[in-house]
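Colleague: Dropping in input_30.txt, which is compact mmCIF, C-alpha atoms and all ligand atoms:
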# COMPACT_ATOMS: atom_id res chain seq x y z
CA MET Y 1 -10.84 -61.93 -54.79
CA ILE Y 2 -13.20 -58.95 -54.69
CA SER Y 3 -11.37 -55.65 -54.86
CA MET Y 4 -12.75 -53.14 -52.37
CA PRO Y 5 -13.57 -49.58 -53.36
CA MET Y 6 -10.82 -47.13 -52.53
CA PHE Y 7 -11.57 -43.76 -51.01
CA ASN Y 8 -10.10 -40.32 -50.94
CA THR Y 9 -10.36 -39.99 -47.18
CA HIS Y 10 -11.63 -37.13 -45.09
CA PRO Y 11 -12.72 -37.41 -41.47
CA ALA Y 12 -16.14 -38.27 -42.95
CA LYS Y 13 -16.36 -40.32 -46.13
CA ARG Y 14 -17.94 -38.14 -48.76
CA ILE Y 15 -19.53 -39.58 -51.87
CA ALA Y 16 -21.42 -37.77 -54.65
CA PHE Y 17 -23.91 -39.64 -56.85
CA VAL Y 18 -23.20 -38.29 -60.30
CA HIS Y 19 -24.39 -38.65 -63.86
CA HIS Y 20 -25.22 -35.89 -66.32
CA LYS Y 21 -28.20 -37.89 -67.65
CA GLY Y 22 -31.45 -37.76 -65.66
CA GLY Y 23 -33.22 -40.90 -64.44
CA THR Y 24 -30.16 -43.12 -64.08
CA GLY Y 25 -30.79 -43.83 -60.40
CA LYS Y 26 -28.69 -41.18 -58.61
CA THR Y 27 -31.30 -40.30 -56.00
CA THR Y 28 -32.54 -43.86 -55.52
CA SER Y 29 -29.01 -45.17 -54.99
CA CYS Y 30 -28.04 -42.27 -52.72
CA LEU Y 31 -31.04 -42.85 -50.42
CA ASN Y 32 -30.86 -46.64 -50.39
CA ILE Y 33 -27.14 -46.70 -49.64
CA ALA Y 34 -27.75 -44.04 -46.95
CA GLY Y 35 -30.46 -46.27 -45.48
CA TRP Y 36 -28.23 -49.32 -45.22
CA LEU Y 37 -25.26 -47.35 -43.87
CA ASN Y 38 -27.63 -46.04 -41.21
CA LYS Y 39 -28.71 -49.60 -40.39
CA LEU Y 40 -25.04 -50.56 -40.18
CA ASN Y 41 -24.70 -48.02 -37.34
CA GLN Y 42 -23.19 -45.19 -39.38
CA LYS Y 43 -24.20 -41.59 -38.86
CA VAL Y 44 -25.21 -40.49 -42.36
CA LEU Y 45 -25.95 -37.06 -43.82
CA VAL Y 46 -27.59 -36.65 -47.23
CA LEU Y 47 -27.10 -33.33 -49.04
CA ASP Y 48 -29.82 -32.71 -51.60
CA LEU Y 49 -28.20 -30.65 -54.33
CA ASP Y 50 -30.89 -31.22 -56.95
CA PRO Y 51 -33.50 -28.44 -57.30
CA GLN Y 52 -36.08 -31.16 -58.01
CA GLY Y 53 -35.72 -32.13 -54.34
CA ASN Y 54 -36.27 -35.87 -54.83
CA ALA Y 55 -33.84 -36.84 -52.04
CA THR Y 56 -35.71 -34.48 -49.71
CA THR Y 57 -39.15 -35.94 -50.48
CA GLY Y 58 -37.63 -39.45 -50.65
CA LEU Y 59 -36.72 -39.05 -46.98
CA GLY Y 60 -40.25 -37.99 -46.12
CA VAL Y 61 -39.70 -34.20 -45.95
CA ASP Y 62 -42.12 -31.90 -47.79
CA ILE Y 63 -39.98 -29.54 -49.87
CA LYS Y 64 -42.54 -26.74 -49.37
CA SER Y 65 -42.06 -26.94 -45.61
CA VAL Y 66 -38.28 -26.43 -45.77
CA THR Y 67 -37.18 -23.20 -44.09
CA THR Y 68 -33.38 -23.58 -44.43
CA SER Y 69 -31.96 -25.30 -47.49
CA ILE Y 70 -28.62 -26.31 -48.94
CA ALA Y 71 -28.75 -23.11 -51.06
CA ASP Y 72 -28.84 -21.01 -47.85
CA VAL Y 73 -25.80 -22.93 -46.58
CA ILE Y 74 -23.80 -22.51 -49.81
CA PHE Y 75 -24.39 -18.75 -49.90
CA ASP Y 76 -23.81 -18.19 -46.16
CA LYS Y 77 -27.39 -17.11 -45.61
CA ALA Y 78 -27.87 -19.57 -42.75
CA ASN Y 79 -25.94 -21.38 -40.07
CA ILE Y 80 -25.17 -24.91 -41.27
CA GLU Y 81 -26.47 -26.41 -37.99
CA ASP Y 82 -29.89 -24.86 -38.63
CA ALA Y 83 -30.14 -26.63 -41.98
CA ILE Y 84 -29.64 -30.20 -40.67
CA LEU Y 85 -32.85 -32.21 -40.22
CA GLU Y 86 -33.17 -35.67 -38.67
CA THR Y 87 -35.59 -37.67 -40.85
CA HIS Y 88 -37.86 -40.48 -39.62
CA SER Y 89 -35.51 -43.20 -40.89
CA GLY Y 90 -32.67 -41.77 -38.73
CA ILE Y 91 -30.79 -40.38 -41.73
CA TYR Y 92 -29.83 -36.71 -41.46
CA LEU Y 93 -30.63 -34.36 -44.33
CA ILE Y 94 -29.73 -30.90 -45.55
CA PRO Y 95 -32.72 -30.45 -47.82
CA ALA Y 96 -33.29 -28.78 -51.15
CA ALA Y 97 -35.86 -26.04 -51.48
CA LEU Y 98 -37.22 -24.02 -54.35
CA ASN Y 99 -34.43 -21.44 -53.91
CA LEU Y 100 -31.97 -24.05 -55.20
CA LEU Y 101 -33.37 -23.34 -58.66
CA GLU Y 102 -31.88 -19.83 -58.52
CA ALA Y 103 -28.61 -21.08 -57.01
CA GLU Y 104 -27.29 -22.34 -60.34
CA ILE Y 105 -27.56 -18.79 -61.76
CA GLU Y 106 -26.32 -17.12 -58.57
CA LEU Y 107 -23.23 -19.37 -58.56
CA ALA Y 108 -22.18 -18.02 -61.94
CA TYR Y 109 -21.69 -14.57 -60.37
CA GLN Y 110 -19.35 -15.85 -57.61
CA SER Y 111 -15.59 -15.48 -57.98
CA ASN Y 112 -14.69 -19.13 -57.33
CA PRO Y 113 -18.05 -20.89 -57.65
CA SER Y 114 -16.97 -24.54 -57.84
CA VAL Y 115 -15.51 -24.70 -54.32
CA LEU Y 116 -18.33 -23.12 -52.30
CA LEU Y 117 -19.75 -26.45 -51.12
CA ARG Y 118 -16.29 -27.87 -50.42
CA HIS Y 119 -15.66 -24.99 -48.01
CA LYS Y 120 -18.62 -26.16 -45.90
CA MET Y 121 -17.38 -29.72 -45.56
CA PRO Y 122 -14.96 -29.46 -42.61
CA THR Y 123 -17.80 -28.45 -40.26
CA LEU Y 124 -19.88 -31.43 -41.40
CA ASP Y 125 -16.97 -33.91 -41.45
CA LYS Y 126 -16.68 -33.71 -37.67
CA GLN Y 127 -20.29 -34.74 -37.11
CA PHE Y 128 -20.91 -37.59 -39.57
CA ASP Y 129 -19.40 -40.89 -40.69
CA PHE Y 130 -20.73 -40.53 -44.25
CA ILE Y 131 -21.82 -37.52 -46.28
CA LEU Y 132 -23.73 -38.54 -49.43
CA ILE Y 133 -24.46 -35.85 -52.01
CA ASP Y 134 -27.33 -36.26 -54.47
CA SER Y 135 -26.28 -34.38 -57.62
CA PRO Y 136 -28.59 -32.84 -60.19
CA PRO Y 137 -28.46 -33.99 -63.82
CA GLY Y 138 -26.61 -31.83 -66.36
CA SER Y 139 -23.11 -30.45 -66.06
CA GLY Y 140 -23.75 -27.14 -64.31
CA LEU Y 141 -22.11 -25.54 -61.30
CA LEU Y 142 -24.20 -27.43 -58.72
CA MET Y 143 -23.06 -30.73 -60.21
CA ILE Y 144 -19.44 -29.53 -60.30
CA ASN Y 145 -19.71 -28.36 -56.68
CA SER Y 146 -20.83 -31.84 -55.62
CA ILE Y 147 -17.85 -33.51 -57.31
CA VAL Y 148 -15.28 -31.00 -56.06
CA ALA Y 149 -16.65 -31.34 -52.49
CA ALA Y 150 -16.78 -35.14 -52.43
CA LYS Y 151 -13.99 -36.25 -54.79
CA ASN Y 152 -15.35 -39.82 -54.47
CA ILE Y 153 -18.20 -40.48 -56.86
CA ILE Y 154 -20.64 -43.27 -57.56
CA VAL Y 155 -21.99 -43.37 -61.11
CA PRO Y 156 -25.45 -44.93 -61.44
CA LEU Y 157 -25.91 -46.04 -65.00
CA ASP Y 158 -29.05 -47.06 -66.80
CA SER Y 159 -28.30 -50.42 -68.37
CA GLY Y 160 -30.16 -49.64 -71.60
CA VAL Y 161 -28.33 -48.86 -74.83
CA PHE Y 162 -28.76 -45.08 -74.36
CA GLY Y 163 -27.25 -45.38 -70.88
CA PHE Y 164 -24.09 -46.94 -72.28
CA GLU Y 165 -23.86 -44.27 -74.93
CA THR Y 166 -23.48 -41.66 -72.17
CA LEU Y 167 -20.23 -43.18 -70.87
CA LEU Y 168 -17.99 -41.39 -73.32
CA THR Y 169 -19.43 -37.94 -72.58
CA LEU Y 170 -19.31 -38.68 -68.86
CA LYS Y 171 -15.64 -39.59 -69.09
CA ILE Y 172 -14.84 -36.36 -70.97
CA LEU Y 173 -16.84 -34.34 -68.45
CA LEU Y 174 -15.03 -35.89 -65.47
CA GLN Y 175 -11.60 -35.44 -67.02
CA ASP Y 176 -12.44 -31.82 -67.76
CA ILE Y 177 -13.49 -31.21 -64.13
CA GLN Y 178 -10.29 -32.92 -62.90
CA GLN Y 179 -8.14 -30.61 -64.99
CA LYS Y 180 -9.98 -27.33 -64.54
CA HIS Y 181 -10.55 -27.70 -60.82
CA ASP Y 182 -7.35 -29.50 -59.92
CA THR Y 183 -9.36 -32.27 -58.26
CA GLU Y 184 -8.50 -35.95 -58.31
CA ILE Y 185 -11.81 -37.74 -58.90
CA ASN Y 186 -12.16 -41.28 -57.68
CA ILE Y 187 -14.96 -43.35 -59.20
CA VAL Y 188 -15.73 -45.69 -56.33
CA MET Y 189 -18.39 -47.67 -58.18
CA THR Y 190 -20.66 -47.80 -61.16
CA LEU Y 191 -24.14 -49.13 -60.45
CA LEU Y 192 -25.98 -50.75 -63.33
CA LYS Y 193 -29.64 -50.02 -62.66
CA ASN Y 194 -32.45 -52.32 -63.78
CA PHE Y 195 -29.86 -54.90 -64.68
CA SER Y 196 -31.32 -58.16 -65.90
CA ALA Y 197 -28.75 -60.91 -66.34
CA SER Y 198 -31.20 -62.99 -68.38
CA PHE Y 199 -31.83 -60.11 -70.81
CA PHE Y 200 -28.13 -59.69 -71.43
CA ASP Y 201 -27.58 -63.44 -71.71
CA HIS Y 202 -30.02 -63.47 -74.59
CA GLY Y 203 -29.12 -60.04 -75.87
CA LEU Y 204 -26.16 -58.27 -77.38
CA THR Y 205 -23.45 -59.15 -74.89
CA LYS Y 206 -22.89 -61.20 -71.76
CA ASN Y 207 -20.13 -58.96 -70.56
CA MET Y 208 -21.66 -55.53 -69.91
CA LYS Y 209 -20.24 -55.37 -66.38
CA LYS Y 210 -16.77 -56.24 -67.55
CA TRP Y 211 -17.03 -53.79 -70.40
CA VAL Y 212 -17.87 -50.86 -68.09
CA GLU Y 213 -15.07 -51.83 -65.69
CA GLU Y 214 -12.57 -51.97 -68.54
CA PHE Y 215 -13.87 -48.73 -70.03
CA PHE Y 216 -13.14 -46.79 -66.84
CA SER Y 217 -9.82 -48.50 -66.06
CA GLU Y 218 -8.54 -47.83 -69.57
CA ASN Y 219 -9.46 -44.22 -69.02
CA ALA Y 220 -7.53 -43.64 -65.79
CA PHE Y 221 -10.36 -44.44 -63.34
CA GLU Y 222 -8.92 -47.81 -62.43
CA ASN Y 223 -10.49 -48.32 -58.98
CA CYS Y 224 -14.03 -48.41 -60.30
CA ARG Y 225 -16.10 -51.50 -59.47
CA VAL Y 226 -19.34 -52.33 -61.20
CA CYS Y 227 -22.33 -53.58 -59.21
CA THR Y 228 -25.81 -54.42 -60.48
CA ILE Y 229 -29.23 -53.44 -59.13
CA PRO Y 230 -32.30 -55.42 -60.17
CA PHE Y 231 -35.52 -53.74 -61.27
CA SER Y 232 -38.15 -53.82 -58.52
CA LYS Y 233 -41.55 -52.23 -57.96
CA LYS Y 234 -40.63 -52.16 -54.24
CA ILE Y 235 -38.41 -49.19 -55.08
CA TYR Y 236 -41.53 -47.20 -56.04
CA GLN Y 237 -43.44 -48.34 -52.96
CA ALA Y 238 -40.58 -47.36 -50.61
CA GLN Y 239 -40.22 -43.95 -52.28
CA TYR Y 240 -43.97 -43.36 -51.97
CA LEU Y 241 -43.66 -43.89 -48.21
CA GLY Y 242 -40.54 -41.72 -47.89
CA LEU Y 243 -38.38 -44.67 -46.80
CA PRO Y 244 -35.16 -46.23 -48.08
CA ILE Y 245 -35.44 -49.88 -49.11
CA SER Y 246 -33.44 -50.90 -46.01
CA HIS Y 247 -36.32 -49.61 -43.89
CA TYR Y 248 -39.14 -50.86 -46.13
CA ALA Y 249 -38.16 -54.21 -47.67
CA PRO Y 250 -34.67 -55.12 -46.45
CA LEU Y 251 -35.00 -58.77 -47.46
CA ALA Y 252 -36.27 -58.14 -51.00
CA ARG Y 253 -33.78 -58.89 -53.78
CA VAL Y 254 -33.26 -55.19 -54.43
CA GLY Y 255 -32.92 -54.57 -50.67
CA ARG Y 256 -30.19 -57.19 -50.42
CA ALA Y 257 -28.42 -55.79 -53.50
CA TYR Y 258 -28.20 -52.35 -51.88
CA ARG Y 259 -27.07 -53.95 -48.59
CA ARG Y 260 -24.13 -55.67 -50.34
CA ILE Y 261 -23.15 -52.36 -51.94
CA ALA Y 262 -23.37 -50.44 -48.65
CA LYS Y 263 -21.26 -53.10 -46.90
CA GLU Y 264 -18.63 -52.90 -49.63
CA ILE Y 265 -18.53 -49.13 -49.25
CA LEU Y 266 -18.21 -49.43 -45.49
CA GLU Y 267 -15.48 -52.07 -45.68
CA GLY Y 268 -13.58 -50.09 -48.30
CA SER Y 269 -13.68 -46.83 -46.40
N1 LIG Y 301 -33.90 -50.65 -59.08
C1 LIG Y 301 -34.97 -49.98 -59.51
N2 LIG Y 301 -36.12 -50.62 -59.83
C2 LIG Y 301 -37.20 -49.94 -60.28
N3 LIG Y 301 -37.23 -48.62 -60.43
C3 LIG Y 301 -36.12 -47.91 -60.12
C4 LIG Y 301 -34.93 -48.54 -59.64
N4 LIG Y 301 -34.00 -47.58 -59.41
C5 LIG Y 301 -34.59 -46.41 -59.74
N5 LIG Y 301 -35.86 -46.60 -60.15
C6 LIG Y 301 -36.81 -45.58 -60.63
O1 LIG Y 301 -36.20 -44.93 -61.75
C7 LIG Y 301 -36.56 -43.56 -61.76
C8 LIG Y 301 -35.31 -42.70 -61.85
O2 LIG Y 301 -34.54 -42.89 -60.67
P1 LIG Y 301 -33.89 -41.66 -59.91
O3 LIG Y 301 -33.19 -42.21 -58.73
O4 LIG Y 301 -34.91 -40.59 -59.67
O5 LIG Y 301 -32.84 -41.14 -61.01
P2 LIG Y 301 -31.98 -39.79 -61.04
O6 LIG Y 301 -31.84 -39.31 -59.63
O7 LIG Y 301 -30.69 -40.19 -61.66
O8 LIG Y 301 -32.75 -38.83 -61.89
C9 LIG Y 301 -37.39 -43.32 -60.50
O9 LIG Y 301 -38.76 -43.28 -60.84
C10 LIG Y 301 -37.08 -44.49 -59.60
O10 LIG Y 301 -38.16 -44.82 -58.79
MG MG Y 302 -32.35 -37.43 -58.82
Could you rewrite the structure in this file as structure tokens?

Modeller:
Amino acid sequence: MISMPMFNTHPAKRIAFVHHKGGTGKTTSCLNIAGWLNKLNQKVLVLDLDPQGNATTGLGVDIKSVTTSIADVIFDKANIEDAILETHSGIYLIPAALNLLEAEIELAYQSNPSVLLRHKMPTLDKQFDFILIDSPPGSGLLMINSIVAAKNIIVPLDSGVFGFETLLTLKILLQDIQQKHDTEINIVMTLLKNFSASFFDHGLTKNMKKWVEEFFSENAFENCRVCTIPFSKKIYQAQYLGLPISHYAPLARVGRAYRRIAKEILEGS
């Protein structure tokens, strides 16, 4: 029997896409799961917390055109309603802008910096079924804010050797955030990006999925499920057009993989 992901529940289900390493698939997974949840009739908001703004451009919004960003919301410089955009795929977005670059430094001067985003959540909870937060790489205050606000996290993992090497530091980082910020973190899923079953069959181990599952459960993150995402050039094409895979190539293998994941998330919520 497949075990369903378990959620820390709020009126809206909040999930942050987290990994301290760059390029593991945080933004891609956030947008593609958002796309399928939208197609499954959920009202979805994406919060772009990465100063690189890839979730913003990935939803077809030019970062240079953004007038009200997530940084303005965090620092009470704008009304939250004014920051919400409806993108052409029907997914809502609070975008990043260049001022998010300064936010990391500005946060350090606040008295309780890790909870600023969490304080904004109740207003958003009432309006959306899902709130998906795209975290920046690194282990700075923006990343911590995303975890403290969402509590549920999805960990996209690059299935190369260097990706696996990051698991230990990630575990230490998450346990540290749990303790320091009195937050119970729930790893809903780990997504193995660019997973090729045939490579692993011929390679070092046949049991990478199982190994990751066991790694997290042995380390007090026992609800974590591991799902795999195939490599596909359609991911690049969809991103070029500012569309999630659900709206560009829903029937492609990678489109169906993200659909299964979104359905699991929906059924487990
Ligand atoms: N399943 C996939 N197949 C092919 N390329 C992918 C896939 N998932 C992600 N990518 C590519 O990998 C790169 C890193 O992904 P991204 O989502 O930007 O990572 P992160 O947000 O963790 O930095 C991007 O260029 C993206 O297009
Ligand atoms: Mg990213």

Colleague: If you count all atoms listed in the file, which residues fall within 12 Å of Ser65 of chain Y, apart from same-chain ones fewer than 6 positions away, as a ChimeraX atom specification?

Modeller: /Y:53,56-57,85,95-98

Colleague: For a quick check of understanding, using only C-alpha atoms, which of Y:Gln52, Y:Thr190, Y:Ser232, Y:Ser69 has the smallest distance to Ile261 of chain Y?

Modeller: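 Using only C-alpha atoms, Ile261 of chain Y sits closest to Y:Thr190.
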
Colleague: Just checking: using all atoms listed in the file, which residue out of Y:Val66, Y:Val254, Y:Leu191, Y:Ser139 ends up closest to Ile172 of chain Y?

Modeller: Y:Ser139

Colleague: Give the residues close to ligand MG 302 (chain Y), within 8 Å, counting all atoms listed in the file; write them as a list in words.

Modeller: Gly22, Gly23, Gly25, Lys26, Thr27, Thr28, Asp50, Gln52, Gly53, Asn54, Ala55, Asp134, Ser135, Pro136 and Pro137 of chain Y

Colleague: Contacts of Glu184 of chain Y at 10 Å or less, counting only C-alpha atoms, minus same-chain residues fewer than 5 places along, as JSON, numbers by chain?

Modeller: {"Y": [8, 147, 148, 151, 152, 174, 175, 177, 178, 179]}

Colleague: Can you tell me which residues surround Lys21 of chain Y at a distance of at most 12 Å, considering only C-alpha atoms, apart from same-chain residues fewer than 4 positions away, and format the answer as a PyMOL selection string?

Modeller: chain Y and resi 17+25-26+135-139+143+155-158+162-167+169-170+173

Colleague: Find, counting all atoms listed in the file, the residue in Y:Ile131, Y:Ala262, Y:Val61, Y:Val226 that gets nearest to Ala149 of chain Y.

Modeller: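 That would be Y:Ile131, the residue with the smallest distance to Ala149 of chain Y.
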
Colleague: Smallest atom-to-atom distance to ligand LIG 301 (chain Y): which of Y:Ala252, Y:Tyr236, Y:Ile80, Y:Ile265, using all atoms listed in the file?

Modeller: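 Under the stated criterion, the closest residue is Y:Tyr236.
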
Colleague: What is the distance, in Å and to one decimal place, between atom CA of Lys263 of chain Y and atom CA of Glu81 of chain Y?

Modeller: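 Atom-to-atom, atom CA of Lys263 of chain Y to atom CA of Glu81 of chain Y, that is 28.6 Å.
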
Colleague: Counting all atoms listed in the file, which residue out of Y:Phe231, Y:Tyr92, Y:Tyr109, Y:Tyr240 sits closest to ligand LIG 301 (chain Y)?

Modeller: Y:Phe231

Colleague: Quick one: of Y:Val188, Y:Ile63, Y:Ala16, Y:Ala78, who's nearest to ligand LIG 301 (chain Y), counting all atoms listed in the file?

Modeller: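 Closest to ligand LIG 301 (chain Y) of all the choices is Y:Ala16.
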
Colleague: For segment 40-45 of chain Y, please output as JSON, numbers by chain all residues within 10 Å (counting all atoms listed in the file; exclusion window: fewer than 6 positions along the same chain).

Modeller: {"Y": [12, 13, 14, 33, 34, 84, 85, 86, 90, 91, 92, 93, 94, 124, 125, 127, 128, 129, 130, 131, 132, 133, 259, 262, 263, 266]}

Colleague: Complete the atom set of segment 140-150 of chain Y to all heavy atoms and return it as a short mmCIF file (atom, residue, chain, number, x, y, z; two decimals), in the coordinates of the input.

Modeller:
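Now in part.cif:
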data_model
loop_
_atom_site.label_atom_id
_atom_site.label_comp_id
_atom_site.auth_asym_id
_atom_site.auth_seq_id
_atom_site.Cartn_x
_atom_site.Cartn_y
_atom_site.Cartn_z
N GLY Y 140 -23.84 -28.51 -64.81
CA GLY Y 140 -23.75 -27.14 -64.31
C GLY Y 140 -22.93 -27.03 -63.03
O GLY Y 140 -22.30 -27.99 -62.58
N LEU Y 141 -22.96 -25.84 -62.46
CA LEU Y 141 -22.11 -25.54 -61.30
C LEU Y 141 -22.52 -26.30 -60.04
O LEU Y 141 -21.67 -26.60 -59.19
CB LEU Y 141 -22.10 -24.04 -61.04
CG LEU Y 141 -21.18 -23.27 -62.00
CD1 LEU Y 141 -21.50 -21.77 -61.97
CD2 LEU Y 141 -19.71 -23.51 -61.65
N LEU Y 142 -23.80 -26.63 -59.89
CA LEU Y 142 -24.20 -27.43 -58.72
C LEU Y 142 -23.58 -28.82 -58.81
O LEU Y 142 -23.06 -29.36 -57.84
CB LEU Y 142 -25.72 -27.53 -58.62
CG LEU Y 142 -26.45 -26.29 -58.11
CD1 LEU Y 142 -27.95 -26.43 -58.29
CD2 LEU Y 142 -26.11 -26.00 -56.64
N MET Y 143 -23.64 -29.40 -60.00
CA MET Y 143 -23.06 -30.73 -60.21
C MET Y 143 -21.55 -30.69 -59.97
O MET Y 143 -20.99 -31.56 -59.29
CB MET Y 143 -23.40 -31.17 -61.64
CG MET Y 143 -22.94 -32.56 -61.99
SD MET Y 143 -21.39 -32.53 -62.90
CE MET Y 143 -21.53 -34.08 -63.79
N ILE Y 144 -20.89 -29.65 -60.48
CA ILE Y 144 -19.44 -29.53 -60.30
C ILE Y 144 -19.12 -29.34 -58.81
O ILE Y 144 -18.18 -29.94 -58.28
CB ILE Y 144 -18.88 -28.37 -61.16
CG1 ILE Y 144 -19.04 -28.73 -62.65
CG2 ILE Y 144 -17.41 -28.08 -60.84
CD1 ILE Y 144 -18.71 -27.61 -63.62
N ASN Y 145 -19.91 -28.54 -58.12
CA ASN Y 145 -19.71 -28.36 -56.68
C ASN Y 145 -19.76 -29.69 -55.93
O ASN Y 145 -18.97 -29.93 -55.02
CB ASN Y 145 -20.79 -27.42 -56.10
CG ASN Y 145 -20.26 -26.01 -55.91
OD1 ASN Y 145 -19.70 -25.68 -54.88
ND2 ASN Y 145 -20.42 -25.19 -56.93
N SER Y 146 -20.70 -30.55 -56.33
CA SER Y 146 -20.83 -31.84 -55.62
C SER Y 146 -19.59 -32.70 -55.83
O SER Y 146 -19.10 -33.34 -54.90
CB SER Y 146 -22.10 -32.57 -56.06
OG SER Y 146 -21.92 -33.13 -57.34
N ILE Y 147 -19.04 -32.68 -57.03
CA ILE Y 147 -17.85 -33.51 -57.31
C ILE Y 147 -16.62 -32.94 -56.61
O ILE Y 147 -15.83 -33.68 -55.99
CB ILE Y 147 -17.61 -33.60 -58.83
CG1 ILE Y 147 -18.76 -34.33 -59.51
CG2 ILE Y 147 -16.28 -34.28 -59.14
CD1 ILE Y 147 -18.64 -34.44 -61.01
N VAL Y 148 -16.46 -31.63 -56.67
CA VAL Y 148 -15.28 -31.00 -56.06
C VAL Y 148 -15.32 -31.18 -54.53
O VAL Y 148 -14.30 -31.37 -53.89
CB VAL Y 148 -15.20 -29.51 -56.47
CG1 VAL Y 148 -14.12 -28.77 -55.71
CG2 VAL Y 148 -14.96 -29.40 -57.98
N ALA Y 149 -16.52 -31.17 -53.95
CA ALA Y 149 -16.65 -31.34 -52.49
C ALA Y 149 -16.39 -32.78 -52.07
O ALA Y 149 -15.79 -33.04 -51.03
CB ALA Y 149 -18.03 -30.90 -52.03
N ALA Y 150 -16.86 -33.74 -52.87
CA ALA Y 150 -16.78 -35.14 -52.43
C ALA Y 150 -15.53 -35.87 -52.92
O ALA Y 150 -14.99 -36.72 -52.21
CB ALA Y 150 -18.02 -35.88 -52.93
#
